[in-house]
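Below is the file protein.json, which contains JSON, C-alpha atoms.
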```
[["chain", "number", "residue", "atom", "x", "y", "z"],
["A", 118, "VAL", "CA", -23.28, 57.05, -45.16],
["A", 119, "ARG", "CA", -23.99, 60.58, -46.33],
["A", 120, "ARG", "CA", -20.84, 62.64, -46.75],
["A", 121, "GLU", "CA", -20.69, 66.40, -47.17],
["A", 122, "PRO", "CA", -17.66, 68.64, -47.68],
["A", 123, "PHE", "CA", -16.39, 70.27, -44.50],
["A", 124, "VAL", "CA", -17.27, 73.97, -44.45],
["A", 125, "ALA", "CA", -15.49, 76.26, -42.00],
["A", 126, "VAL", "CA", -14.77, 79.89, -41.15],
["A", 127, "MET", "CA", -12.27, 81.59, -38.84],
["A", 128, "CYS", "CA", -13.21, 82.54, -35.27],
["A", 129, "ASP", "CA", -13.27, 86.25, -36.06],
["A", 130, "THR", "CA", -15.77, 85.91, -38.92],
["A", 131, "PRO", "CA", -19.02, 87.89, -38.30],
["A", 132, "LEU", "CA", -21.95, 85.53, -37.80],
["A", 133, "ILE", "CA", -23.93, 87.00, -40.66],
["A", 134, "ASP", "CA", -20.95, 86.35, -42.96],
["A", 135, "ALA", "CA", -20.73, 82.79, -41.64],
["A", 136, "TYR", "CA", -24.30, 82.28, -42.80],
["A", 137, "GLY", "CA", -23.31, 83.69, -46.20],
["A", 138, "VAL", "CA", -20.79, 80.84, -46.49],
["A", 139, "LEU", "CA", -23.45, 78.29, -45.47],
["A", 140, "ARG", "CA", -25.79, 79.79, -48.04],
["A", 141, "GLU", "CA", -23.22, 79.61, -50.81],
["A", 142, "ARG", "CA", -22.21, 76.02, -50.00],
["A", 143, "TYR", "CA", -25.75, 74.72, -49.28],
["A", 144, "ALA", "CA", -24.54, 73.45, -45.89],
["A", 145, "HIS", "CA", -26.53, 73.01, -42.65],
["A", 146, "ARG", "CA", -23.68, 73.63, -40.23],
["A", 147, "ILE", "CA", -20.28, 75.26, -40.27],
["A", 148, "GLY", "CA", -17.00, 74.62, -38.48],
["A", 149, "VAL", "CA", -15.16, 77.33, -36.56],
["A", 150, "LEU", "CA", -11.34, 77.40, -36.82],
["A", 151, "ASN", "CA", -8.81, 79.06, -34.54],
["A", 152, "ASP", "CA", -5.72, 80.83, -35.81],
["A", 153, "LYS", "CA", -3.90, 77.48, -35.94],
["A", 154, "GLY", "CA", -6.48, 76.04, -38.32],
["A", 155, "GLU", "CA", -7.93, 73.73, -35.66],
["A", 156, "CYS", "CA", -11.68, 73.18, -35.51],
["A", 157, "VAL", "CA", -12.82, 74.39, -32.10],
["A", 158, "SER", "CA", -16.58, 74.41, -32.60],
["A", 159, "VAL", "CA", -19.44, 73.74, -35.01],
["A", 160, "ILE", "CA", -22.38, 76.11, -35.46],
["A", 161, "SER", "CA", -25.71, 74.94, -36.89],
["A", 162, "GLN", "CA", -28.33, 77.08, -38.62],
["A", 163, "THR", "CA", -30.43, 76.93, -35.44],
["A", 164, "ARG", "CA", -27.55, 78.24, -33.31],
["A", 165, "LEU", "CA", -26.89, 80.98, -35.86],
["A", 166, "LEU", "CA", -30.47, 82.19, -35.54],
["A", 167, "GLN", "CA", -30.26, 82.06, -31.74],
["A", 168, "PHE", "CA", -27.24, 84.36, -31.84],
["A", 169, "LEU", "CA", -28.66, 86.69, -34.50],
["A", 170, "ALA", "CA", -32.20, 87.00, -33.09],
["A", 171, "PRO", "CA", -31.39, 89.60, -30.37],
["A", 172, "GLN", "CA", -29.67, 91.78, -32.98],
["A", 173, "LEU", "CA", -32.61, 92.02, -35.39],
["A", 174, "THR", "CA", -33.94, 95.52, -35.96],
["A", 175, "ALA", "CA", -37.36, 96.46, -34.61],
["A", 176, "ARG", "CA", -38.43, 97.20, -38.18],
["A", 177, "PHE", "CA", -37.53, 93.70, -39.33],
["A", 178, "ARG", "CA", -39.24, 92.02, -36.37],
["A", 179, "ALA", "CA", -42.40, 94.06, -36.95],
["A", 180, "ALA", "CA", -42.79, 92.92, -40.57],
["A", 181, "LEU", "CA", -45.65, 90.47, -41.14],
["A", 182, "VAL", "CA", -45.21, 86.80, -41.98],
["A", 183, "GLY", "CA", -47.76, 87.25, -44.76],
["A", 184, "ASP", "CA", -45.53, 89.80, -46.50],
["A", 185, "TYR", "CA", -43.89, 87.55, -49.08],
["A", 186, "ASN", "CA", -41.70, 90.50, -50.16],
["A", 187, "VAL", "CA", -39.80, 89.91, -46.93],
["A", 188, "LEU", "CA", -39.62, 86.11, -46.88],
["A", 189, "ARG", "CA", -39.94, 85.79, -50.67],
["A", 190, "ALA", "CA", -40.82, 82.28, -51.85],
["A", 191, "GLY", "CA", -39.94, 80.75, -48.49],
["A", 192, "ALA", "CA", -43.42, 81.29, -47.08],
["A", 193, "ALA", "CA", -45.30, 80.24, -50.17],
["A", 194, "GLY", "CA", -43.78, 76.85, -50.82],
["A", 195, "GLU", "CA", -45.68, 73.63, -51.42],
["A", 196, "VAL", "CA", -46.64, 71.82, -48.25],
["A", 197, "VAL", "CA", -46.70, 68.06, -47.79],
["A", 198, "ALA", "CA", -49.09, 66.73, -45.16],
["A", 199, "VAL", "CA", -50.25, 63.40, -43.79],
["A", 200, "SER", "CA", -53.44, 62.49, -42.01],
["A", 201, "GLY", "CA", -53.18, 61.91, -38.28],
["A", 202, "ALA", "CA", -54.87, 58.56, -38.87],
["A", 203, "VAL", "CA", -51.93, 57.05, -40.79],
["A", 204, "THR", "CA", -49.14, 55.17, -39.05],
["A", 205, "LEU", "CA", -45.70, 56.56, -38.27],
["A", 206, "PHE", "CA", -44.33, 54.03, -40.73],
["A", 207, "ARG", "CA", -46.48, 55.59, -43.46],
["A", 208, "ALA", "CA", -45.25, 59.05, -42.47],
["A", 209, "PHE", "CA", -41.68, 57.77, -42.66],
["A", 210, "ARG", "CA", -42.35, 56.53, -46.18],
["A", 211, "VAL", "CA", -43.57, 59.98, -47.14],
["A", 212, "LEU", "CA", -40.32, 61.51, -45.92],
["A", 213, "HIS", "CA", -38.28, 58.85, -47.70],
["A", 214, "ASP", "CA", -40.19, 58.73, -50.99],
["A", 215, "LEU", "CA", -40.39, 62.50, -51.41],
["A", 216, "ASN", "CA", -36.88, 63.09, -50.01],
["A", 217, "ILE", "CA", -38.01, 65.70, -47.47],
["A", 218, "SER", "CA", -37.20, 66.19, -43.79],
["A", 219, "GLY", "CA", -40.63, 67.02, -42.35],
["A", 220, "VAL", "CA", -44.39, 67.01, -42.99],
["A", 221, "ALA", "CA", -47.48, 68.64, -41.52],
["A", 222, "ALA", "CA", -50.01, 66.38, -39.81],
["A", 223, "VAL", "CA", -53.71, 67.19, -40.10],
["A", 224, "GLN", "CA", -57.00, 65.77, -38.93],
["A", 225, "SER", "CA", -58.29, 64.56, -42.26],
["A", 226, "THR", "CA", -59.74, 61.72, -44.27],
["A", 227, "ALA", "CA", -58.84, 63.48, -47.51],
["A", 228, "ARG", "CA", -58.05, 61.49, -50.63],
["A", 229, "THR", "CA", -54.47, 61.60, -51.86],
["A", 230, "PRO", "CA", -53.23, 62.42, -55.36],
["A", 231, "SER", "CA", -51.65, 59.89, -57.67],
["A", 232, "GLY", "CA", -47.94, 59.10, -57.75],
["A", 233, "ALA", "CA", -45.39, 58.68, -54.98],
["A", 234, "ALA", "CA", -47.39, 60.80, -52.58],
["A", 235, "ALA", "CA", -50.47, 58.62, -53.00],
["A", 236, "GLU", "CA", -48.50, 55.42, -52.49],
["A", 237, "SER", "CA", -47.05, 56.86, -49.28],
["A", 238, "GLY", "CA", -50.30, 58.36, -47.97],
["A", 239, "ALA", "CA", -49.31, 62.01, -48.34],
["A", 240, "MET", "CA", -51.40, 65.01, -49.32],
["A", 241, "LEU", "CA", -49.82, 67.79, -51.33],
["A", 242, "ALA", "CA", -50.76, 71.36, -50.52],
["A", 243, "SER", "CA", -50.26, 74.55, -52.44],
["A", 244, "SER", "CA", -49.60, 77.85, -50.71],
["A", 245, "THR", "CA", -53.35, 78.43, -50.49],
["A", 246, "ASN", "CA", -54.93, 75.31, -49.04],
["A", 247, "LEU", "CA", -54.73, 71.56, -48.67],
["A", 248, "PRO", "CA", -56.83, 69.64, -51.21],
["A", 249, "HIS", "CA", -60.18, 67.94, -50.63],
["A", 250, "GLY", "CA", -61.03, 69.75, -47.40],
["A", 251, "ALA", "CA", -58.09, 68.61, -45.30],
["A", 252, "GLY", "CA", -58.59, 69.33, -41.62],
["A", 253, "LYS", "CA", -56.98, 71.08, -38.69],
["A", 254, "PHE", "CA", -53.21, 71.16, -38.21],
["A", 255, "ILE", "CA", -52.24, 68.91, -35.30],
["A", 256, "GLY", "CA", -48.45, 69.01, -35.45],
["A", 257, "SER", "CA", -45.32, 68.30, -37.42],
["A", 258, "VAL", "CA", -43.50, 65.02, -38.03],
["A", 259, "SER", "CA", -39.82, 65.29, -38.86],
["A", 260, "ALA", "CA", -37.05, 62.84, -39.66],
["A", 261, "ASN", "CA", -35.27, 63.90, -36.46],
["A", 262, "ALA", "CA", -38.37, 63.13, -34.37],
["A", 263, "LEU", "CA", -38.44, 59.58, -35.76],
["A", 264, "LYS", "CA", -34.82, 58.85, -34.88],
["A", 265, "GLY", "CA", -34.61, 56.29, -32.10],
["A", 266, "VAL", "CA", -38.32, 55.38, -32.26],
["A", 267, "GLU", "CA", -38.80, 51.72, -31.37],
["A", 268, "SER", "CA", -39.84, 49.49, -34.26],
["A", 269, "LEU", "CA", -43.23, 48.60, -32.76],
["A", 270, "LYS", "CA", -44.08, 52.28, -32.25],
["A", 271, "LEU", "CA", -43.80, 52.84, -35.99],
["A", 272, "PHE", "CA", -47.23, 51.23, -36.25],
["A", 273, "THR", "CA", -48.91, 53.70, -33.90],
["A", 274, "THR", "CA", -50.86, 56.51, -35.54],
["A", 275, "VAL", "CA", -49.34, 59.91, -36.21],
["A", 276, "ALA", "CA", -52.05, 61.50, -34.02],
["A", 277, "ASP", "CA", -51.19, 59.26, -31.04],
["A", 278, "PHE", "CA", -47.46, 59.83, -31.52],
["A", 279, "LEU", "CA", -47.93, 63.62, -31.57],
["A", 280, "ALA", "CA", -50.24, 63.55, -28.54],
["A", 281, "ASP", "CA", -47.58, 61.67, -26.58],
["A", 282, "GLN", "CA", -44.86, 64.03, -27.82],
["A", 283, "HIS", "CA", -46.89, 67.11, -26.88],
["A", 284, "GLU", "CA", -47.54, 65.71, -23.40],
["A", 285, "ARG", "CA", -43.82, 65.10, -22.85],
["A", 286, "ASP", "CA", -42.55, 68.34, -24.39],
["A", 287, "ALA", "CA", -44.69, 71.49, -24.43],
["A", 288, "ALA", "CA", -42.23, 73.08, -26.87],
["A", 289, "PHE", "CA", -43.70, 70.96, -29.66],
["A", 290, "THR", "CA", -47.43, 71.55, -29.26],
["A", 291, "PRO", "CA", -49.27, 72.50, -32.50],
["A", 292, "ASP", "CA", -49.29, 76.17, -31.49],
["A", 293, "ALA", "CA", -45.51, 76.11, -31.08],
["A", 294, "VAL", "CA", -44.87, 75.07, -34.70],
["A", 295, "CYS", "CA", -47.52, 77.07, -36.57],
["A", 296, "ILE", "CA", -48.12, 80.76, -37.20],
["A", 297, "LYS", "CA", -50.60, 83.05, -38.95],
["A", 298, "ARG", "CA", -49.91, 85.43, -41.80],
["A", 299, "ARG", "CA", -50.86, 88.45, -39.70],
["A", 300, "ASP", "CA", -48.27, 87.53, -37.04],
["A", 301, "THR", "CA", -44.91, 89.26, -37.06],
["A", 302, "ILE", "CA", -41.55, 87.92, -38.19],
["A", 303, "GLY", "CA", -40.39, 88.62, -34.63],
["A", 304, "ALA", "CA", -42.92, 86.09, -33.34],
["A", 305, "LEU", "CA", -41.86, 83.67, -36.06],
["A", 306, "VAL", "CA", -38.18, 83.99, -35.15],
["A", 307, "ASP", "CA", -39.01, 83.49, -31.46],
["A", 308, "LYS", "CA", -40.78, 80.21, -32.31],
["A", 309, "PHE", "CA", -37.80, 78.95, -34.30],
["A", 310, "VAL", "CA", -35.48, 79.80, -31.41],
["A", 311, "ALA", "CA", -37.73, 78.24, -28.76],
["A", 312, "THR", "CA", -38.35, 74.96, -30.60],
["A", 313, "GLY", "CA", -35.18, 74.46, -32.65],
["A", 314, "THR", "CA", -37.40, 73.25, -35.49],
["A", 315, "HIS", "CA", -36.47, 73.76, -39.15],
["A", 316, "ARG", "CA", -40.00, 74.50, -40.36],
["A", 317, "ILE", "CA", -43.09, 76.33, -39.10],
["A", 318, "PHE", "CA", -46.44, 76.01, -40.86],
["A", 319, "ILE", "CA", -48.69, 78.93, -41.79],
["A", 320, "VAL", "CA", -52.30, 78.38, -40.71],
["A", 321, "ASP", "CA", -55.56, 80.32, -40.79],
["A", 322, "ASP", "CA", -57.97, 80.96, -37.90],
["A", 323, "ARG", "CA", -59.37, 77.41, -38.28],
["A", 324, "ARG", "CA", -55.80, 76.10, -38.16],
["A", 325, "HIS", "CA", -55.91, 74.87, -41.75],
["A", 326, "VAL", "CA", -52.47, 74.79, -43.36],
["A", 327, "HIS", "CA", -51.79, 77.50, -45.98],
["A", 328, "GLY", "CA", -48.01, 77.43, -46.35],
["A", 329, "ILE", "CA", -44.66, 76.82, -44.75],
["A", 330, "VAL", "CA", -41.73, 78.94, -43.60],
["A", 331, "THR", "CA", -38.36, 77.23, -43.29],
["A", 332, "LEU", "CA", -35.44, 78.13, -41.05],
["A", 333, "HIS", "CA", -33.41, 78.66, -44.21],
["A", 334, "ALA", "CA", -35.94, 81.20, -45.53],
["A", 335, "VAL", "CA", -35.73, 83.25, -42.31],
["A", 336, "LEU", "CA", -31.93, 83.21, -42.23],
["A", 337, "ASP", "CA", -31.88, 84.12, -45.91],
["A", 338, "ALA", "CA", -34.16, 87.09, -45.27],
["A", 339, "ILE", "CA", -31.87, 88.27, -42.46],
["A", 340, "TRP", "CA", -28.79, 87.85, -44.68],
["A", 341, "ARG", "CA", -30.41, 89.81, -47.52],
["A", 342, "HIS", "CA", -31.45, 92.56, -45.10],
["A", 343, "TYR", "CA", -27.89, 93.10, -43.92],
["A", 344, "HIS", "CA", -25.98, 92.42, -47.15],
["A", 345, "LEU", "CA", -28.13, 93.04, -50.20],
["A", 346, "ASP", "CA", -30.87, 95.48, -49.26],
["A", 347, "PRO", "CA", -29.97, 98.98, -48.08],
["A", 348, "SER", "CA", -32.02, 99.82, -44.97],
["A", 349, "GLU", "CA", -34.27, 102.36, -46.69],
["A", 350, "GLN", "CA", -34.99, 100.04, -49.62],
["A", 351, "PHE", "CA", -35.78, 97.18, -47.22],
["A", 352, "GLU", "CA", -38.25, 99.33, -45.30],
["A", 353, "LYS", "CA", -39.97, 100.32, -48.55],
["A", 354, "GLN", "CA", -40.15, 96.63, -49.45],
["A", 355, "ILE", "CA", -41.93, 95.88, -46.16],
["A", 356, "ASP", "CA", -44.39, 98.73, -46.74],
["A", 357, "ALA", "CA", -45.14, 97.65, -50.34]]
```

Would you encode the structure as structure tokens?
Amino acid sequence: VRREPFVAVMCDTPLIDAYGVLRERYAHRIGVLNDKGECVSVISQTRLLQFLAPQLTARFRAALVGDYNVLRAGAAGEVVAVSGAVTLFRAFRVLHDLNISGVAAVQSTARTPSGAAAESGAMLASSTNLPHGAGKFIGSVSANALKGVESLKLFTTVADFLADQHERDAAFTPDAVCIKRRDTIGALVDKFVATGTHRIFIVDDRRHVHGIVTLHAVLDAIWRHYHLDPSEQFEKQIDA
């Protein structure tokens, strides 16, 4: 059983400050206490973004995803991907062996590197491109999506699993969980809010994966905008 310290704030704490506490404590959710010290609610990072999204400035929403001065390293991180031809069980091993919560799925027969990734069937990607000509992005496989999956279904292919998921829930089609560098942060935020996902993949016009933006990176950018960067300095940063 994984145990984490309980993190909480009072009911009258501004939401952006609540995220500051999450950020400091490396927590994914935060408790809300009333004036008697009783926990009356729990707010996740996804719910925080849903509340904060309508309050974002037009200037912030208009900034481009490809402007790494805004999202900093969050958009340029290393991507882990699996071929759609591998089984769900192999994808689960990737998540387990690399201790990550989600991977990109691509149409590919690319070779894998050596090490844990190779043993699991994963492909490692830099912020520029997947190795060995990896193919089109077809979706995302997360640890949450695999919860409750029947044992026999673990031996279906990732591509078949995603096709079935997309047919049942339009919120998780490939277009819903990917974005291009020339798109705006406003569009990115809207996708996070609509899907509740924790990661959206950056793709080019051929839908090849070039990077990843996490929910944490977006919330961190919002927090820095309101707490660390004066408005004028932030706007200069976007224009740089």

Exercise. A:Leu332, A:Ile302, A:Val258, A:Val266: which is nearest Gly183 (chain A), counting all atoms listed in the file?
Worked result: A:Ile302

Exercise. For Arg176 (chain A), which residue out of A:Trp340, A:Val220, A:His333, A:Gly303 is the nearest one, using all atoms listed in the file?
Worked result: A:Gly303

For this session: Compare A:Val159, A:Val320, A:Val149, A:Ala311 by their minimum atom-to-atom distance to Val223 (chain A), counting all atoms listed in the file, and give me the closest one.
Result: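 That would be A:Val320, the residue with the smallest distance to Val223 (chain A).
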
Centre, edges in Å (one decimal): axis-aligned box, region 207-218 of chain A, 8 Å padding on all six sides, as lines of an AutoDock Vina configuration file:
```
center_x = -41.7
center_y = 60.9
center_z = -46.9
size_x = 25.6
size_y = 26.6
size_z = 24.9
```

For this session: Rank nothing, just name the residue among A:Val294, A:Arg207, A:Lys308, A:Arg316 nearest to Phe272 (chain A), using only C-alpha atoms.
Result: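 Comparing A:Val294, A:Arg207, A:Lys308, A:Arg316 against Phe272 (chain A), the winner is A:Arg207.
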
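For the set A:Ala135, A:Asp322, A:His145, A:His342, the residue with the smallest atom-to-atom gap to Phe177 (chain A) is A:His342, counting only C-alpha atoms.
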